[in-house]
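Enquirer: Got a structure here, written out as structure tokens. Questions coming.
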Amino acid sequence: MRVDLTFSPADLKATRDLTPNIRLFEIAPAAGAAPYAPGSHINVGVMIGERPDLRSYSLVGEPDPACYRIAVQRKRDSRGGSRSLWALEPGARLSVSAPNNLFPLALDAPDYLLVAGGIGITPLLGMAATLARRGARLRMLYAARSRAELALGRELAALLGDRLTVFISDEGRRIDPAAAIAALDAGGELYLCGPIRLVDAFRQAWAAAARPAVGFRIETFGSSGTFAPESFQLKIPRLGLELTVPADRSMLEALEAAGVEVVADCRRGECGLCALDVLNVEGSLDHRDVFLSEQQKREGRKICTCVSRAVGGALTIDPAWRGD
């Protein structure tokens, strides 16, 4: 799996608040927006303090030759990307990559179940529109904490009608993964984007139903975990290093800043290239990737440095890089 990081200059054309904490950004590349398939995302250059960095955002809706649309959630435990973008005004200059697709939609399934949790609705709007236009059989389940956080809810209601079911946790309504999967035709496919707990619940229900793994398609937030991010100590005995990984920085970023070379690609917890050996844990591991199996996560011998973290102590690892 390779990610195309060919960047081009772009202008922030307009912004619109979808909810109090989710803002839609219309970004116009100088050479026009490239076409893309449902499930695609772009990488956006951001400034974290004085440090340049990249963030990935799903493309919202179907292609528009004039601009890309992304939705960014403002979070208190953000690593800085959302703060950087929310501080921008229309007319600001940006650098964006060509669209990439790590969450492709197959168009030959007999039935589709789309499941979104919170900001996870962003890649699924385009999927729903594409499937609806093709006359495919589909249902969408959309979960949010409150009705105020239903970004794109009106657009989806107009598009899907009674094929859309909304679950508001503040109102006591939660998705039943087992029941949702049981209603999906044999050979049907599930497309899910949401926080790691929602992903895990559906993964377990899918396995319990003995459904084929190929029909379970997911995308995560990358930074979504079981615990809130906190700083922790990272020890590398072979290199004689001990680092502090701040709450707003990934382990991979901290290693790179210290000059430790780590092979990495997606930086989203999906490809597994950045996984390193775990020698010791003081506290717990917060696995935020979708690459390692559930058994590997329980064993705790590997960790994907781009998204996963330690909680309540320190982590000792052994990197592949041996220094000069």
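Chains: A, B, ... in order of the structure tokens. Residues: from 1 per chain. Ligands: from 1, in order shown.
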Determine which residues of region 61-298 of chain A receive a DSSP assignment of strand (DSSP E or B), computed from the backbone, and state them as a PyMOL selection string.
Expert: chain A and resi 64+67-73+93-97+100+112-117+138-144+164-168+189-194+216-220+232-236+241-245+275-286
Enquirer: Restrict the selected residues to C-alpha atoms and save them as a PDB file, in the first residue's frame.
Expert:
ATOM      1  CA  ASP A  64     -16.695  18.596  -7.471  1.00  0.00           C
ATOM      2  CA  CYS A  67     -13.008  22.045  -4.839  1.00  0.00           C
ATOM      3  CA  TYR A  68     -12.478  19.361  -2.231  1.00  0.00           C
ATOM      4  CA  ARG A  69     -14.737  19.305   0.825  1.00  0.00           C
ATOM      5  CA  ILE A  70     -13.527  18.046   4.190  1.00  0.00           C
ATOM      6  CA  ALA A  71     -15.133  18.204   7.634  1.00  0.00           C
ATOM      7  CA  VAL A  72     -12.907  18.790  10.669  1.00  0.00           C
ATOM      8  CA  GLN A  73     -13.948  18.145  14.247  1.00  0.00           C
ATOM      9  CA  ARG A  93      -3.308  29.347   1.429  1.00  0.00           C
ATOM     10  CA  LEU A  94      -2.991  25.598   1.919  1.00  0.00           C
ATOM     11  CA  SER A  95      -1.037  22.665   0.537  1.00  0.00           C
ATOM     12  CA  VAL A  96      -3.041  19.522  -0.248  1.00  0.00           C
ATOM     13  CA  SER A  97      -2.261  16.113  -1.697  1.00  0.00           C
ATOM     14  CA  ASN A 100      -5.941   8.697  -2.000  1.00  0.00           C
ATOM     15  CA  TYR A 112     -24.876  -2.733   1.966  1.00  0.00           C
ATOM     16  CA  LEU A 113     -24.800  -1.642   5.595  1.00  0.00           C
ATOM     17  CA  LEU A 114     -23.166   1.739   6.207  1.00  0.00           C
ATOM     18  CA  VAL A 115     -22.383   2.590   9.832  1.00  0.00           C
ATOM     19  CA  ALA A 116     -21.118   5.975  11.019  1.00  0.00           C
ATOM     20  CA  GLY A 117     -20.143   7.171  14.460  1.00  0.00           C
ATOM     21  CA  LEU A 138     -28.552  -0.188   1.425  1.00  0.00           C
ATOM     22  CA  ARG A 139     -29.195   0.937   4.976  1.00  0.00           C
ATOM     23  CA  MET A 140     -27.284   3.501   7.010  1.00  0.00           C
ATOM     24  CA  LEU A 141     -26.969   3.610  10.799  1.00  0.00           C
ATOM     25  CA  TYR A 142     -25.705   6.942  12.132  1.00  0.00           C
ATOM     26  CA  ALA A 143     -24.747   7.325  15.800  1.00  0.00           C
ATOM     27  CA  ALA A 144     -24.002  10.578  17.618  1.00  0.00           C
ATOM     28  CA  LEU A 164     -31.390   6.048   7.414  1.00  0.00           C
ATOM     29  CA  THR A 165     -31.697   5.277  11.134  1.00  0.00           C
ATOM     30  CA  VAL A 166     -30.258   7.689  13.690  1.00  0.00           C
ATOM     31  CA  PHE A 167     -29.070   6.651  17.155  1.00  0.00           C
ATOM     32  CA  ILE A 168     -28.626   9.394  19.766  1.00  0.00           C
ATOM     33  CA  GLU A 189     -20.908  -5.792   2.899  1.00  0.00           C
ATOM     34  CA  LEU A 190     -20.487  -3.524   5.897  1.00  0.00           C
ATOM     35  CA  TYR A 191     -18.708  -0.158   5.654  1.00  0.00           C
ATOM     36  CA  LEU A 192     -17.937   1.442   8.994  1.00  0.00           C
ATOM     37  CA  CYS A 193     -16.175   4.618  10.082  1.00  0.00           C
ATOM     38  CA  GLY A 194     -16.169   5.671  13.715  1.00  0.00           C
ATOM     39  CA  PHE A 216     -16.073  -6.064   6.715  1.00  0.00           C
ATOM     40  CA  ARG A 217     -14.619  -2.707   5.586  1.00  0.00           C
ATOM     41  CA  ILE A 218     -13.554  -0.086   8.111  1.00  0.00           C
ATOM     42  CA  GLU A 219     -11.859   3.250   8.449  1.00  0.00           C
ATOM     43  CA  THR A 220     -10.868   4.738  11.794  1.00  0.00           C
ATOM     44  CA  PHE A 232       4.325   8.940  28.552  1.00  0.00           C
ATOM     45  CA  GLN A 233       7.976   7.932  28.716  1.00  0.00           C
ATOM     46  CA  LEU A 234       9.420   5.985  25.826  1.00  0.00           C
ATOM     47  CA  LYS A 235      12.572   3.976  26.517  1.00  0.00           C
ATOM     48  CA  ILE A 236      14.900   2.547  23.853  1.00  0.00           C
ATOM     49  CA  LEU A 241      17.500   6.865  24.599  1.00  0.00           C
ATOM     50  CA  GLU A 242      14.601   7.885  26.793  1.00  0.00           C
ATOM     51  CA  LEU A 243      12.013  10.273  25.356  1.00  0.00           C
ATOM     52  CA  THR A 244       8.844  11.960  26.505  1.00  0.00           C
ATOM     53  CA  VAL A 245       5.971  11.532  24.056  1.00  0.00           C
ATOM     54  CA  ALA A 275       5.028  -1.552  14.131  1.00  0.00           C
ATOM     55  CA  LEU A 276       7.889  -2.098  16.599  1.00  0.00           C
ATOM     56  CA  ASP A 277       8.666  -4.712  19.251  1.00  0.00           C
ATOM     57  CA  VAL A 278       7.457  -4.027  22.797  1.00  0.00           C
ATOM     58  CA  LEU A 279       9.945  -5.064  25.497  1.00  0.00           C
ATOM     59  CA  ASN A 280       8.129  -3.810  28.579  1.00  0.00           C
ATOM     60  CA  VAL A 281       5.053  -1.813  29.595  1.00  0.00           C
ATOM     61  CA  GLU A 282       4.591   0.087  32.829  1.00  0.00           C
ATOM     62  CA  GLY A 283       0.875   0.767  32.687  1.00  0.00           C
ATOM     63  CA  SER A 284      -1.257  -0.189  29.677  1.00  0.00           C
ATOM     64  CA  LEU A 285      -1.103  -0.136  25.906  1.00  0.00           C
ATOM     65  CA  ASP A 286      -3.795   1.786  24.039  1.00  0.00           C
TER      66      ASP A 286
END
Enquirer: For the helix (DSSP H, G or I) assignment from backbone DSSP, which residues of region 71-297 of chain A qualify? Please present them as a VMD selection string.
Expert: chain A and resid 81 to 86 118 to 133 147 to 149 153 to 163 169 to 171 177 to 182 196 to 208 213 to 215 237 to 239 251 to 257 294 to 297
Enquirer: Kindly indicate which residue among A:Ala254, A:Ala320, A:Ala314, A:Ala37 lies nearest to Leu102 (chain A), using only C-alpha atoms for the distances.
Expert: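 Between A:Ala254, A:Ala320, A:Ala314, A:Ala37, the residue approaching Leu102 (chain A) most closely is A:Ala37.
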Enquirer: Find the spatial neighbours of Ala178 (chain A), counting only C-alpha atoms, within a cut-off of 9 Å - ignore same-chain residues fewer than 6 positions away - and output them as a list in words.
Expert: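 In the requested form, the answer reads Ala201, Phe202, Gln204, Ala205, Trp206, Ala208 and Ala209 of chain A.
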